[in-house]
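Asks: I'm passing along final.cif; it holds mmCIF, C-alpha atoms and all ligand atoms.
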```cif
data_target
#
loop_
_atom_site.label_atom_id
_atom_site.label_comp_id
_atom_site.auth_asym_id
_atom_site.auth_seq_id
_atom_site.Cartn_x
_atom_site.Cartn_y
_atom_site.Cartn_z
CA MET A 23 5.49 19.66 -17.93
CA SER A 24 2.80 17.70 -19.80
CA ALA A 25 -0.87 17.64 -18.79
CA ASN A 26 -0.76 13.82 -18.83
CA PRO A 27 -1.40 12.86 -15.18
CA LEU A 28 1.29 10.19 -15.23
CA SER A 29 3.90 12.70 -16.43
CA THR A 30 2.79 15.09 -13.66
CA ALA A 31 3.09 12.38 -10.99
CA LEU A 32 6.50 11.27 -12.29
CA TYR A 33 7.68 14.90 -12.37
CA SER A 34 6.83 15.29 -8.64
CA LEU A 35 8.49 11.95 -7.91
CA ARG A 36 11.77 12.91 -9.60
CA GLN A 37 11.79 16.41 -8.08
CA ALA A 38 11.26 15.08 -4.53
CA ALA A 39 13.59 12.10 -5.06
CA GLY A 40 16.36 14.51 -6.07
CA LEU A 41 15.85 16.63 -2.93
CA ALA A 42 15.69 13.51 -0.74
CA GLY A 43 18.92 12.15 -2.24
CA LEU A 44 17.20 8.87 -3.09
CA ASP A 45 19.28 6.00 -4.45
CA PRO A 46 18.97 6.13 -8.30
CA LYS A 47 17.97 2.43 -8.33
CA VAL A 48 15.06 3.18 -5.95
CA ILE A 49 13.99 6.05 -8.23
CA GLU A 50 14.11 3.67 -11.20
CA LEU A 51 12.06 1.10 -9.28
CA LEU A 52 9.46 3.71 -8.28
CA SER A 53 9.20 5.13 -11.80
CA THR A 54 7.29 2.14 -13.19
CA PRO A 55 4.44 0.05 -11.78
CA LYS A 56 5.20 -3.35 -10.27
CA ARG A 57 2.51 -4.74 -12.54
CA THR A 58 -0.43 -3.64 -14.65
CA MET A 59 -3.38 -5.88 -15.40
CA GLU A 60 -5.68 -5.35 -18.36
CA PHE A 61 -8.46 -7.90 -18.72
CA THR A 62 -11.76 -8.29 -20.50
CA PHE A 63 -14.91 -10.17 -19.66
CA PRO A 64 -18.19 -10.77 -21.41
CA MET A 65 -21.46 -9.89 -19.68
CA ARG A 66 -25.04 -10.45 -20.75
CA MET A 67 -27.02 -7.21 -20.64
CA ASP A 68 -30.71 -6.97 -19.64
CA ASN A 69 -31.75 -6.95 -23.32
CA GLY A 70 -30.03 -10.32 -23.90
CA GLU A 71 -27.04 -8.95 -25.83
CA VAL A 72 -23.50 -9.80 -24.72
CA ARG A 73 -21.14 -6.87 -24.16
CA ILE A 74 -17.38 -7.22 -23.69
CA PHE A 75 -15.96 -4.94 -20.96
CA THR A 76 -12.34 -3.79 -20.58
CA ALA A 77 -11.01 -3.55 -17.03
CA TYR A 78 -7.70 -2.68 -15.36
CA ARG A 79 -5.85 -2.87 -12.09
CA VAL A 80 -2.47 -1.21 -11.51
CA HIS A 81 -0.10 -2.19 -8.70
CA TRP A 82 2.56 0.50 -8.26
CA CYS A 83 4.78 -0.38 -5.30
CA ASP A 84 4.07 -2.63 -2.31
CA ALA A 85 7.22 -2.09 -0.25
CA LEU A 86 5.11 -0.82 2.69
CA GLY A 87 2.27 -3.35 2.50
CA GLY A 88 -0.41 -4.96 0.34
CA PHE A 89 -2.01 -2.98 -2.49
CA LYS A 90 -5.04 -0.87 -1.65
CA ASP A 91 -7.29 1.78 -3.12
CA GLY A 92 -10.04 2.81 -5.47
CA THR A 93 -11.99 1.38 -8.38
CA ARG A 94 -13.26 3.74 -11.10
CA PHE A 95 -16.19 2.99 -13.39
CA THR A 96 -15.83 5.75 -16.00
CA GLU A 97 -16.35 6.03 -19.73
CA ASN A 98 -12.98 7.63 -20.54
CA LEU A 99 -10.82 5.57 -18.19
CA THR A 100 -7.19 5.20 -19.33
CA LEU A 101 -4.33 3.07 -18.11
CA ASP A 102 -2.09 6.16 -17.75
CA GLU A 103 -4.66 7.79 -15.46
CA LEU A 104 -4.73 4.66 -13.29
CA LYS A 105 -0.93 4.46 -13.22
CA ALA A 106 -0.71 8.08 -12.04
CA LEU A 107 -3.32 7.45 -9.35
CA ALA A 108 -1.59 4.25 -8.20
CA LEU A 109 1.71 6.15 -7.85
CA TRP A 110 -0.07 8.94 -5.94
CA MET A 111 -1.67 6.38 -3.62
CA THR A 112 1.74 4.79 -2.98
CA ILE A 113 2.95 8.22 -1.82
CA LYS A 114 -0.26 9.12 0.04
CA HIS A 115 -0.26 5.87 2.02
CA SER A 116 3.35 6.48 3.00
CA VAL A 117 2.63 10.11 4.00
CA GLY A 118 -0.30 8.94 6.14
CA GLY A 119 1.77 6.24 7.86
CA ILE A 120 -0.49 3.57 6.32
CA PRO A 121 1.18 0.17 5.81
CA ALA A 122 -0.13 -0.27 2.26
CA GLY A 123 1.03 -0.06 -1.33
CA GLY A 124 -0.65 2.00 -4.05
CA GLY A 125 -3.21 0.37 -6.31
CA LYS A 126 -5.95 1.67 -8.59
CA GLY A 127 -8.26 0.02 -11.08
CA GLY A 128 -11.55 0.20 -12.89
CA ILE A 129 -13.76 -0.57 -15.84
CA VAL A 130 -14.31 1.44 -19.02
CA VAL A 131 -18.03 2.07 -18.63
CA ASN A 132 -20.53 4.81 -17.94
CA PRO A 133 -22.46 3.40 -14.94
CA GLU A 134 -25.38 5.73 -15.76
CA ASP A 135 -26.01 3.62 -18.89
CA LEU A 136 -26.55 0.49 -16.75
CA SER A 137 -29.60 -0.80 -14.93
CA GLU A 138 -29.25 -1.67 -11.23
CA TRP A 139 -29.02 -5.41 -12.13
CA GLU A 140 -26.37 -4.72 -14.76
CA LEU A 141 -24.35 -2.64 -12.27
CA GLU A 142 -24.49 -5.50 -9.78
CA ARG A 143 -23.41 -8.08 -12.38
CA LEU A 144 -20.62 -5.75 -13.55
CA SER A 145 -19.28 -5.26 -9.98
CA ARG A 146 -19.38 -9.02 -9.34
CA ASN A 147 -17.70 -9.71 -12.71
CA TYR A 148 -14.91 -7.26 -11.90
CA MET A 149 -14.17 -9.08 -8.66
CA ARG A 150 -14.46 -12.53 -10.24
CA HIS A 151 -12.06 -11.72 -13.10
CA LEU A 152 -9.61 -9.59 -11.09
CA PRO A 153 -6.42 -11.69 -11.36
CA MET A 154 -5.05 -10.92 -7.86
CA LYS A 155 -7.20 -10.16 -4.81
CA GLY A 156 -7.62 -10.74 -1.09
CA ALA A 157 -7.08 -8.98 2.23
CA TRP A 158 -3.29 -9.53 2.10
CA VAL A 159 -2.93 -9.03 -1.66
CA ASP A 160 -5.04 -6.17 -3.03
CA VAL A 161 -8.01 -4.43 -1.40
CA PRO A 162 -10.15 -2.48 -3.89
CA GLY A 163 -12.09 0.51 -2.56
CA ALA A 164 -14.59 2.92 -4.16
CA ASP A 165 -13.79 5.88 -6.42
CA ILE A 166 -15.61 7.75 -9.20
CA GLY A 167 -18.61 5.72 -10.44
CA THR A 168 -18.46 3.17 -7.61
CA SER A 169 -20.03 3.39 -4.15
CA GLU A 170 -20.65 1.41 -0.99
CA LYS A 171 -23.28 -0.53 -2.95
CA THR A 172 -20.82 -1.78 -5.60
CA GLN A 173 -18.28 -2.54 -2.85
CA GLY A 174 -20.83 -4.63 -0.93
CA TRP A 175 -21.48 -6.71 -4.06
CA MET A 176 -17.75 -7.08 -4.70
CA LEU A 177 -17.14 -8.38 -1.17
CA ASP A 178 -20.03 -10.81 -1.43
CA GLU A 179 -18.71 -12.12 -4.75
CA TYR A 180 -15.20 -12.53 -3.34
CA GLU A 181 -16.47 -14.39 -0.27
CA SER A 182 -18.60 -16.64 -2.51
CA ILE A 183 -15.49 -17.52 -4.54
CA ILE A 184 -13.24 -18.32 -1.58
CA GLY A 185 -15.98 -19.93 0.51
CA PHE A 186 -15.50 -18.04 3.77
CA HIS A 187 -15.91 -14.54 5.18
CA SER A 188 -13.07 -12.08 4.61
CA PRO A 189 -14.37 -8.58 5.34
CA ALA A 190 -10.91 -6.99 4.99
CA ALA A 191 -10.74 -7.94 1.29
CA VAL A 192 -12.79 -4.95 0.04
CA ASN A 193 -12.99 -1.36 1.29
CA ASP A 194 -15.75 1.30 1.37
CA LYS A 195 -18.45 -1.33 1.87
CA PRO A 196 -21.65 -0.67 3.86
CA THR A 197 -21.50 -0.99 7.67
CA ALA A 198 -24.17 -3.71 7.35
CA VAL A 199 -21.54 -5.74 5.45
CA SER A 200 -18.72 -5.18 8.00
CA GLY A 201 -17.74 -1.71 6.78
CA THR A 202 -16.53 1.04 9.10
CA LEU A 203 -18.35 4.03 10.52
CA GLY A 204 -17.03 7.41 9.39
CA THR A 205 -16.26 6.58 5.73
CA ASP A 206 -18.47 9.33 4.31
CA GLU A 207 -16.94 12.10 6.38
CA ALA A 208 -13.34 10.85 6.52
CA THR A 209 -11.70 13.09 3.92
CA GLY A 210 -13.58 16.31 4.85
CA LEU A 211 -13.07 15.74 8.57
CA GLY A 212 -9.39 14.99 7.98
CA VAL A 213 -9.01 18.34 6.16
CA TYR A 214 -10.75 19.99 9.12
CA PHE A 215 -8.25 18.43 11.58
CA VAL A 216 -5.39 19.75 9.42
CA PHE A 217 -7.06 23.19 9.36
CA GLU A 218 -7.19 23.18 13.20
CA GLN A 219 -3.44 22.54 13.36
CA VAL A 220 -2.76 25.24 10.76
CA VAL A 221 -4.71 27.77 12.85
CA LYS A 222 -2.50 26.94 15.85
CA ASP A 223 0.85 26.68 14.05
CA PHE A 224 0.53 29.64 11.70
CA GLY A 225 -0.87 32.05 14.31
CA PHE A 226 -4.42 32.57 12.99
CA GLU A 227 -7.13 33.82 15.34
CA LYS A 228 -10.26 31.81 16.16
CA ASN A 229 -12.32 34.29 14.09
CA CYS A 230 -10.12 33.89 11.00
CA SER A 231 -11.90 33.87 7.65
CA VAL A 232 -12.12 30.85 5.35
CA ALA A 233 -13.25 30.36 1.72
CA VAL A 234 -14.11 26.89 0.42
CA GLN A 235 -14.40 26.11 -3.30
CA GLY A 236 -16.51 22.99 -3.93
CA PHE A 237 -19.37 21.79 -1.76
CA GLY A 238 -19.43 18.07 -2.52
CA LYS A 239 -18.48 15.06 -0.41
CA VAL A 240 -15.31 16.76 0.85
CA GLY A 241 -16.17 20.50 0.87
CA SER A 242 -19.63 20.21 2.46
CA ILE A 243 -18.37 18.07 5.37
CA LEU A 244 -15.36 20.32 5.91
CA ALA A 245 -17.56 23.46 5.85
CA LYS A 246 -20.03 21.86 8.26
CA TYR A 247 -17.22 21.19 10.76
CA LEU A 248 -15.86 24.75 10.31
CA THR A 249 -19.27 26.25 11.18
CA GLU A 250 -19.86 23.79 14.04
CA ASN A 251 -16.55 24.80 15.60
CA GLY A 252 -17.14 28.53 15.30
CA TYR A 253 -14.94 29.42 12.31
CA LYS A 254 -16.07 32.11 9.86
CA VAL A 255 -16.67 30.70 6.38
CA ILE A 256 -17.13 33.83 4.25
CA ALA A 257 -17.40 32.24 0.79
CA VAL A 258 -18.45 28.86 -0.61
CA SER A 259 -19.10 27.67 -4.15
CA ASP A 260 -20.06 24.73 -6.33
CA VAL A 261 -20.05 24.17 -10.08
CA TYR A 262 -23.11 26.49 -10.45
CA GLY A 263 -21.50 29.52 -8.71
CA GLY A 264 -20.60 30.89 -5.30
CA ILE A 265 -21.98 32.80 -2.33
CA PHE A 266 -20.36 35.38 -0.04
CA SER A 267 -21.14 36.87 3.37
CA ALA A 268 -18.62 38.99 5.29
CA ASN A 269 -20.33 37.94 8.55
CA GLY A 270 -19.91 34.24 7.84
CA ILE A 271 -22.15 31.56 6.31
CA ASP A 272 -23.97 28.96 8.42
CA CYS A 273 -22.78 25.86 6.55
CA ILE A 274 -25.07 23.54 8.54
CA LYS A 275 -28.12 25.41 7.18
CA LEU A 276 -26.36 25.62 3.81
CA ASN A 277 -26.23 21.80 3.69
CA GLU A 278 -30.04 21.79 4.16
CA HIS A 279 -30.39 24.39 1.35
CA LEU A 280 -28.20 22.17 -0.88
CA SER A 281 -30.38 19.11 -0.19
CA LYS A 282 -33.49 21.09 -1.17
CA THR A 283 -32.17 23.00 -4.21
CA GLY A 284 -29.18 21.00 -5.44
CA SER A 285 -26.80 23.99 -5.17
CA VAL A 286 -25.33 26.50 -2.73
CA VAL A 287 -26.44 29.36 -5.01
CA ASP A 288 -29.16 31.73 -3.69
CA PHE A 289 -28.65 30.79 -0.04
CA PRO A 290 -30.57 33.47 1.90
CA GLY A 291 -28.46 36.22 3.51
CA THR A 292 -25.55 35.88 1.04
CA GLU A 293 -24.52 37.68 -2.12
CA PRO A 294 -23.35 35.93 -5.30
CA VAL A 295 -19.66 35.54 -6.13
CA SER A 296 -18.12 33.78 -9.11
CA ASN A 297 -15.80 30.80 -8.68
CA ASP A 298 -12.91 32.90 -10.03
CA ASP A 299 -13.62 35.73 -7.56
CA LEU A 300 -13.94 33.29 -4.65
CA LEU A 301 -10.34 32.19 -5.23
CA GLU A 302 -9.16 35.80 -5.19
CA GLN A 303 -10.92 36.84 -1.95
CA GLU A 304 -8.97 38.54 0.81
CA VAL A 305 -9.25 35.68 3.23
CA ASP A 306 -7.05 34.03 5.86
CA VAL A 307 -7.38 30.45 4.61
CA LEU A 308 -8.45 29.37 1.11
CA ILE A 309 -9.46 25.72 0.70
CA PRO A 310 -9.96 24.50 -2.89
CA ALA A 311 -12.10 21.34 -2.56
CA ALA A 312 -13.48 20.93 -6.09
CA VAL A 313 -11.22 20.09 -9.05
CA GLN A 314 -7.55 20.20 -10.12
CA SER A 315 -5.52 23.17 -11.44
CA VAL A 316 -7.91 25.97 -10.36
CA ILE A 317 -4.97 28.00 -9.00
CA ASN A 318 -2.59 28.32 -11.91
CA GLU A 319 -0.19 30.72 -13.59
CA ASP A 320 -3.11 32.88 -14.80
CA ASN A 321 -4.50 33.76 -11.36
CA ALA A 322 -1.65 33.04 -8.91
CA SER A 323 -0.57 36.69 -8.84
CA ARG A 324 -4.08 37.72 -7.72
CA ILE A 325 -4.41 35.24 -4.82
CA LYS A 326 -4.75 37.20 -1.57
CA ALA A 327 -5.26 34.35 0.91
CA LYS A 328 -2.61 34.05 3.64
CA MET A 329 -2.63 30.25 3.43
CA ILE A 330 -3.96 27.55 1.09
CA ILE A 331 -5.01 24.05 2.17
CA GLU A 332 -5.49 21.68 -0.77
CA ALA A 333 -8.56 19.54 -0.15
CA ALA A 334 -8.99 18.61 -3.83
CA ASN A 335 -6.31 16.63 -5.63
CA GLY A 336 -3.88 18.94 -7.43
CA PRO A 337 -5.81 22.26 -7.26
CA VAL A 338 -2.55 24.30 -7.30
CA THR A 339 -0.31 23.83 -10.35
CA SER A 340 3.46 23.68 -9.85
CA GLU A 341 3.92 27.01 -11.71
CA ALA A 342 1.39 28.68 -9.39
CA GLU A 343 2.99 27.16 -6.33
CA GLU A 344 6.36 28.74 -7.17
CA GLU A 345 4.69 32.14 -7.44
CA LEU A 346 2.80 31.62 -4.15
CA ARG A 347 6.02 30.59 -2.43
CA ALA A 348 7.68 33.81 -3.57
CA LYS A 349 4.70 35.69 -2.07
CA ASN A 350 5.06 33.73 1.20
CA ILE A 351 1.70 31.98 0.87
CA PRO A 352 2.19 28.43 2.21
CA VAL A 353 0.32 25.56 0.53
CA ILE A 354 -0.60 22.48 2.59
CA PRO A 355 -0.42 19.79 -0.13
CA ASP A 356 -3.17 17.32 -1.05
CA VAL A 357 -1.11 14.26 -0.09
CA ALA A 358 -1.06 15.48 3.53
CA SER A 359 -4.42 17.26 3.89
CA ASN A 360 -6.82 14.92 2.06
CA VAL A 361 -5.32 11.62 3.26
CA GLY A 362 -8.19 11.15 5.79
CA GLY A 363 -10.17 8.88 3.45
CA ALA A 364 -7.16 6.58 2.97
CA ILE A 365 -6.53 6.51 6.73
CA VAL A 366 -10.12 5.49 7.51
CA CYS A 367 -9.92 2.83 4.75
CA HIS A 368 -6.96 1.43 6.68
CA PHE A 369 -9.09 1.46 9.86
CA GLU A 370 -11.77 -0.42 7.89
CA ARG A 371 -9.21 -3.06 6.99
CA ILE A 372 -8.01 -3.35 10.61
CA GLN A 373 -11.62 -3.85 11.76
CA GLY A 374 -12.21 -6.47 9.06
CA LEU A 375 -9.07 -8.37 10.04
CA THR A 376 -9.86 -8.35 13.77
CA ASP A 377 -13.67 -8.60 13.57
CA GLU A 378 -13.78 -5.88 16.23
CA TYR A 379 -15.84 -2.91 15.05
CA TRP A 380 -15.15 0.61 16.33
CA ASP A 381 -17.61 3.29 17.44
CA ILE A 382 -17.55 6.64 15.62
CA ALA A 383 -15.74 8.41 18.48
CA ARG A 384 -12.83 5.97 18.13
CA VAL A 385 -12.69 6.39 14.33
CA ARG A 386 -12.63 10.19 14.67
CA SER A 387 -10.06 10.37 17.43
CA GLN A 388 -7.71 7.90 15.67
CA LEU A 389 -8.13 9.83 12.41
CA LYS A 390 -7.18 13.04 14.21
CA ASP A 391 -4.08 11.39 15.71
CA TRP A 392 -2.92 9.88 12.42
CA ILE A 393 -3.46 12.92 10.16
CA THR A 394 -1.99 15.32 12.72
CA ARG A 395 1.12 13.15 13.10
CA ALA A 396 1.67 13.13 9.31
CA TYR A 397 1.15 16.91 9.18
CA HIS A 398 3.74 17.53 11.93
CA GLN A 399 6.27 15.21 10.26
CA MET A 400 5.84 17.26 7.06
CA LEU A 401 6.34 20.56 8.92
CA ALA A 402 9.50 19.26 10.61
CA THR A 403 11.04 18.11 7.29
CA ALA A 404 10.13 21.40 5.55
CA ALA A 405 11.91 23.35 8.32
CA ASP A 406 14.89 21.00 8.40
CA LYS A 407 15.48 20.77 4.65
CA LYS A 408 14.16 24.26 3.78
CA VAL A 409 11.83 22.89 1.11
CA SER A 410 8.14 23.48 0.34
CA LEU A 411 5.55 21.60 2.39
CA ARG A 412 4.68 19.53 -0.69
CA MET A 413 8.27 18.48 -1.23
CA ALA A 414 8.60 17.76 2.51
CA ALA A 415 5.60 15.40 2.43
CA TRP A 416 6.93 13.62 -0.67
CA ILE A 417 10.46 13.39 0.80
CA ASN A 418 9.12 11.78 4.01
CA ALA A 419 7.08 9.34 1.94
CA LEU A 420 9.95 8.41 -0.37
CA LEU A 421 12.47 7.92 2.46
CA LYS A 422 10.07 5.52 4.23
CA ILE A 423 9.58 3.54 1.01
CA GLU A 424 13.32 3.54 0.29
CA ALA A 425 14.10 2.19 3.77
CA SER A 426 11.71 -0.72 3.24
CA VAL A 427 12.94 -1.41 -0.30
CA LYS A 428 16.55 -1.58 0.95
CA LYS A 429 15.86 -3.68 4.05
CA ARG A 430 13.95 -6.11 1.84
CA GLY A 431 17.06 -6.32 -0.31
CA TRP A 432 15.26 -5.28 -3.51
CA VAL A 433 18.10 -2.96 -4.56
P1 LIG B 1 -17.83 15.78 -5.41
O1 LIG B 1 -18.11 15.44 -6.82
O2 LIG B 1 -18.64 15.20 -4.32
O3 LIG B 1 -17.89 17.38 -5.22
C1 LIG B 1 -17.23 18.28 -6.05
C2 LIG B 1 -17.74 19.69 -5.74
O4 LIG B 1 -17.04 20.62 -6.57
C3 LIG B 1 -19.23 19.88 -6.08
O5 LIG B 1 -19.79 20.83 -5.17
C4 LIG B 1 -19.19 20.48 -7.48
O6 LIG B 1 -20.35 21.24 -7.78
C5 LIG B 1 -17.97 21.34 -7.37
N1 LIG B 1 -17.32 21.63 -8.66
C6 LIG B 1 -17.14 20.78 -9.69
N2 LIG B 1 -16.50 21.41 -10.70
C7 LIG B 1 -16.27 22.65 -10.26
C8 LIG B 1 -15.66 23.78 -10.84
N3 LIG B 1 -15.14 23.73 -12.06
N4 LIG B 1 -15.60 24.93 -10.11
C9 LIG B 1 -16.11 24.97 -8.87
N5 LIG B 1 -16.71 23.95 -8.27
C10 LIG B 1 -16.79 22.80 -8.98
O7 LIG B 1 -16.28 15.45 -5.20
P2 LIG B 1 -15.51 15.20 -3.83
O8 LIG B 1 -15.53 13.76 -3.53
O9 LIG B 1 -15.96 16.20 -2.83
O10 LIG B 1 -14.01 15.52 -4.29
C11 LIG B 1 -13.54 16.84 -4.41
C12 LIG B 1 -12.04 16.80 -4.63
O11 LIG B 1 -11.40 16.13 -3.54
C13 LIG B 1 -11.57 16.06 -5.89
O12 LIG B 1 -10.40 16.68 -6.35
C14 LIG B 1 -11.24 14.68 -5.37
O13 LIG B 1 -10.30 14.02 -6.21
C15 LIG B 1 -10.61 15.05 -4.04
N6 LIG B 1 -10.63 13.95 -3.07
C16 LIG B 1 -11.79 13.37 -2.68
C17 LIG B 1 -11.78 12.36 -1.74
C18 LIG B 1 -13.04 11.73 -1.25
O14 LIG B 1 -12.97 10.96 -0.28
N7 LIG B 1 -14.20 12.04 -1.80
C19 LIG B 1 -10.54 11.90 -1.22
C20 LIG B 1 -9.35 12.52 -1.62
C21 LIG B 1 -9.41 13.55 -2.55
#
```
Translate this file's structure into structure tokens.
Ligand code: NAD
Replies:
Amino acid sequence: MSANPLSTALYSLRQAAGLAGLDPKVIELLSTPKRTMEFTFPMRMDNGEVRIFTAYRVHWCDALGGFKDGTRFTENLTLDELKALALWMTIKHSVGGIPAGGGKGGIVVNPEDLSEWELERLSRNYMRHLPMKGAWVDVPGADIGTSEKTQGWMLDEYESIIGFHSPAAVNDKPTAVSGTLGTDEATGLGVYFVFEQVVKDFGFEKNCSVAVQGFGKVGSILAKYLTENGYKVIAVSDVYGGIFSANGIDCIKLNEHLSKTGSVVDFPGTEPVSNDDLLEQEVDVLIPAAVQSVINEDNASRIKAKMIIEAANGPVTSEAEEELRAKNIPVIPDVASNVGGAIVCHFERIQGLTDEYWDIARVRSQLKDWITRAYHQMLATAADKKVSLRMAAWINALLKIEASVKKRGWV
């Protein structure tokens, strides 16, 4: 299997489609994007020079609903990367029960090279030149290099173009611009809700031990909820290194240490551990929440966790997963455990469409209901079809998409 992300995504698609017995015409339809858009626009920089930017938007499949998801501003952005992500979002939306298709886009740019004014003009230009947009067409959200700030500008630009308010047309915008509460914590909290179910369903005790790799937007929120609810987080790491304490780490205080020092390293009362050693700890639940492919064919044989929950995208390679399966170590796949952000983006769209804005308690309780339902559907399919949890999640997603494709009469 190639390291190209699109080849990886298509490999998973074909593997799951085979197990699901999908109609070959549906597989063919899902193997290419519905459309890809590559466009350029000129923009005057602060120094007076004009720079031409290249931008993209990929629409994979919209059988379940309008296109939705992130916008990347990165220097090395490629169309293949965006195609892979758009396919993954098509699957993730279906897994999460979200009535949306998979989209992804962005601009080839390093946002760090831009002034604040240039970033604003760039975000507005993206929205202005995006060929297809609108609450019922394509709803861009944030991703790497974009933030609630860029999304606020994009919404304002869109509303200026159409001449009326349409808060559901852009996601991940600030609450002051009709965004939703709970965006920042959605993915980490969603992983926590999945963890709670895993503890119940797989017979772990309340004092079970947990290791979390990565202490960013996802890992730090997840770890905070684990501590708050009395679970024992024995190891945590970030890109600078890890920390260990057999008695458990107070991840609420650790968040304060991170704000002061910029890292989890040297948190008082803990001993250092390397990122490699963290993954190989004897622990009940291991949660990789940093980057892809950290559990691979090199270290899979040394993994001693009883269960892995993928919070990052693709932290366990397919080769490693086969080895873990043989060792009876279940892996809760990314498409089911980190879908919380996509679910809350859907809640943001609902609020924008209805102009009725939810309190945080409602966002959290609905998130818990939605992510838990998707998790249980995955468990039921895995038991029924005797396949891995990852394949079960993909099969459920593909069968839902196939049903819509057929009822629409597309194939
Ligand atoms: P982030 O950049 O906020 O945090 C990443 C964390 O991982 C940081 O603590 C960083 O120091 C650490 N890290 C980076 N490289 C590492 C390495 N080689 N070894 C160990 N630690 C390393 O990112 P995030 O938003 O928390 O995302 C984490 C993962 O979750 C990514 O795979 C991302 O694609 C996935 N994800 C994020 C969201 C979201 O809403 N943010 C949604 C779905 C999936």
Asks: What is the distance between atom CA of Asn69 of chain A and atom CA of Ser182 of chain A, in Å to one decimal?
Replies: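 So the answer is 26.5 Å.
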Asks: Given only C-alpha atoms as the basis, pick out the residue of A:Ile166, A:Leu86, A:Val232, A:Leu35 nearest to Trp416 of chain A.
Replies: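 The answer is A:Leu35, which sits nearest to Trp416 of chain A.
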Asks: Write out as a CSV table (one decimal) with C-alpha atoms, in the frame of the given file the residues lying within 7 Å of Arg79 of chain A, counting all atoms listed in the file and excluding same-chain residues fewer than 4 positions away.
Replies:
```csv
chain,number,residue,atom,x,y,z
A,58,THR,CA,-0.4,-3.6,-14.6
A,59,MET,CA,-3.4,-5.9,-15.4
A,60,GLU,CA,-5.7,-5.4,-18.4
A,126,LYS,CA,-6.0,1.7,-8.6
A,127,GLY,CA,-8.3,0.0,-11.1
A,128,GLY,CA,-11.6,0.2,-12.9
```
Asks: Using all atoms listed in the file, pick whichever of A:Leu51, A:Ala77, A:Ala425, A:Val287 has the shortest atom-to-atom distance to Arg94 of chain A.
Replies: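 Once distances to Arg94 of chain A are computed over all atoms listed in the file, the minimum belongs to A:Ala77.
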Asks: Residues within 9 Å of ligand LIG 1 (chain B) should be enumerated using all atoms listed in the file and returned as a ChimeraX atom specification.
Replies: /A:165-166,205-210,235-243,259-264,285-286,297-298,310-314,316,332-337,356-357,359-364
Asks: Kindly give the distance, in Å, that separates atom CA of Ala396 of chain A and atom CA of Asn26 of chain A, rounded to a single decimal.
Replies: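 So the answer is 28.3 Å.
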Asks: In Å, how far is it from atom CA of Asp381 of chain A to atom CA of Thr202 of chain A?
Replies: 8.7 Å
Asks: Measuring between all atoms listed in the file, which one of A:Gln399, A:Ile417, A:Met111, A:Asp178 shows the shortest distance to Arg36 of chain A?
Replies: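 Smallest separation from Arg36 of chain A among the options: A:Ile417.
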Asks: Do you know which residues are at most 10 Å from Ala358 of chain A counting all atoms listed in the file, after dropping those on the same chain fewer than 4 positions away, and could you put them as a ChimeraX atom specification?
Replies: /A:113-115,117-118,212-213,216,331-333,354,362,393-394,396-400,411-412,414-416
Asks: Nearest to Ser231 of chain A among A:Val130, A:Ile317, A:Val353, A:Ile271, with distances taken over only C-alpha atoms: which residue is it?
Replies: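 Once distances to Ser231 of chain A are computed over only C-alpha atoms, the minimum belongs to A:Ile271.
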Asks: Report, as lines of an AutoDock Vina configuration file, the axis-aligned box around all atoms of segment 96-112 of chain A present in the file, extended by 3 Å on each side; give centre and edge lengths in Å to one decimal place.
Replies:
```
center_x = -7.3
center_y = 6.0
center_z = -11.8
size_x = 24.1
size_y = 11.9
size_z = 23.6
```
Asks: Can you list, as a PDB file with C-alpha atoms, in the coordinates of the input, every protein, DNA or RNA residue that comes within 7 Å of Thr292 of chain A when you count only C-alpha atoms, leaving out same-chain residues fewer than 4 positions away?
Replies:
```
ATOM      1  CA  ILE A 265     -21.980  32.800  -2.330  1.00  0.00           C
ATOM      2  CA  PHE A 266     -20.360  35.380  -0.040  1.00  0.00           C
ATOM      3  CA  SER A 267     -21.140  36.870   3.370  1.00  0.00           C
TER       4      SER A 267
END
```
Asks: Hey, which of A:Ala85, A:Gln219, A:Ala108, A:Ala405 ends up closest to Val48 of chain A? Count only C-alpha atoms.
Replies: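 Ranked by minimum distance to Val48 of chain A, first place goes to A:Ala85.
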Asks: Counting all atoms listed in the file, which residue out of A:Gln173, A:Asn269, A:Asn277, A:Thr76 sits closest to Gly291 of chain A?
Replies: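 Among the listed residues, A:Asn269 lies closest to Gly291 of chain A.
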Asks: Do a neighbour search on segment 133-150 of chain A at 9 Å with all atoms listed in the file, toss out local chain neighbours closer than 4 positions, and write the hits as a list in words.
Replies: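 In the requested format, the answer is Phe63, Pro64, Met65, Arg66, Met67, Asp68, Phe75, Ala77, Phe95, Thr96, Glu97, Gly128, Ile129, Lys155, Gly167, Thr168, Lys171, Thr172, Gln173, Trp175, Met176, Leu177, Asp178, Glu179, Tyr180 and Ile183 of chain A.
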Asks: Do a neighbour search on Ile382 of chain A at 9 Å with all atoms listed in the file, toss out local chain neighbours closer than 2 positions, and write the hits as a PyMOL selection string.
Replies: chain A and resi 202-204+380+384-387
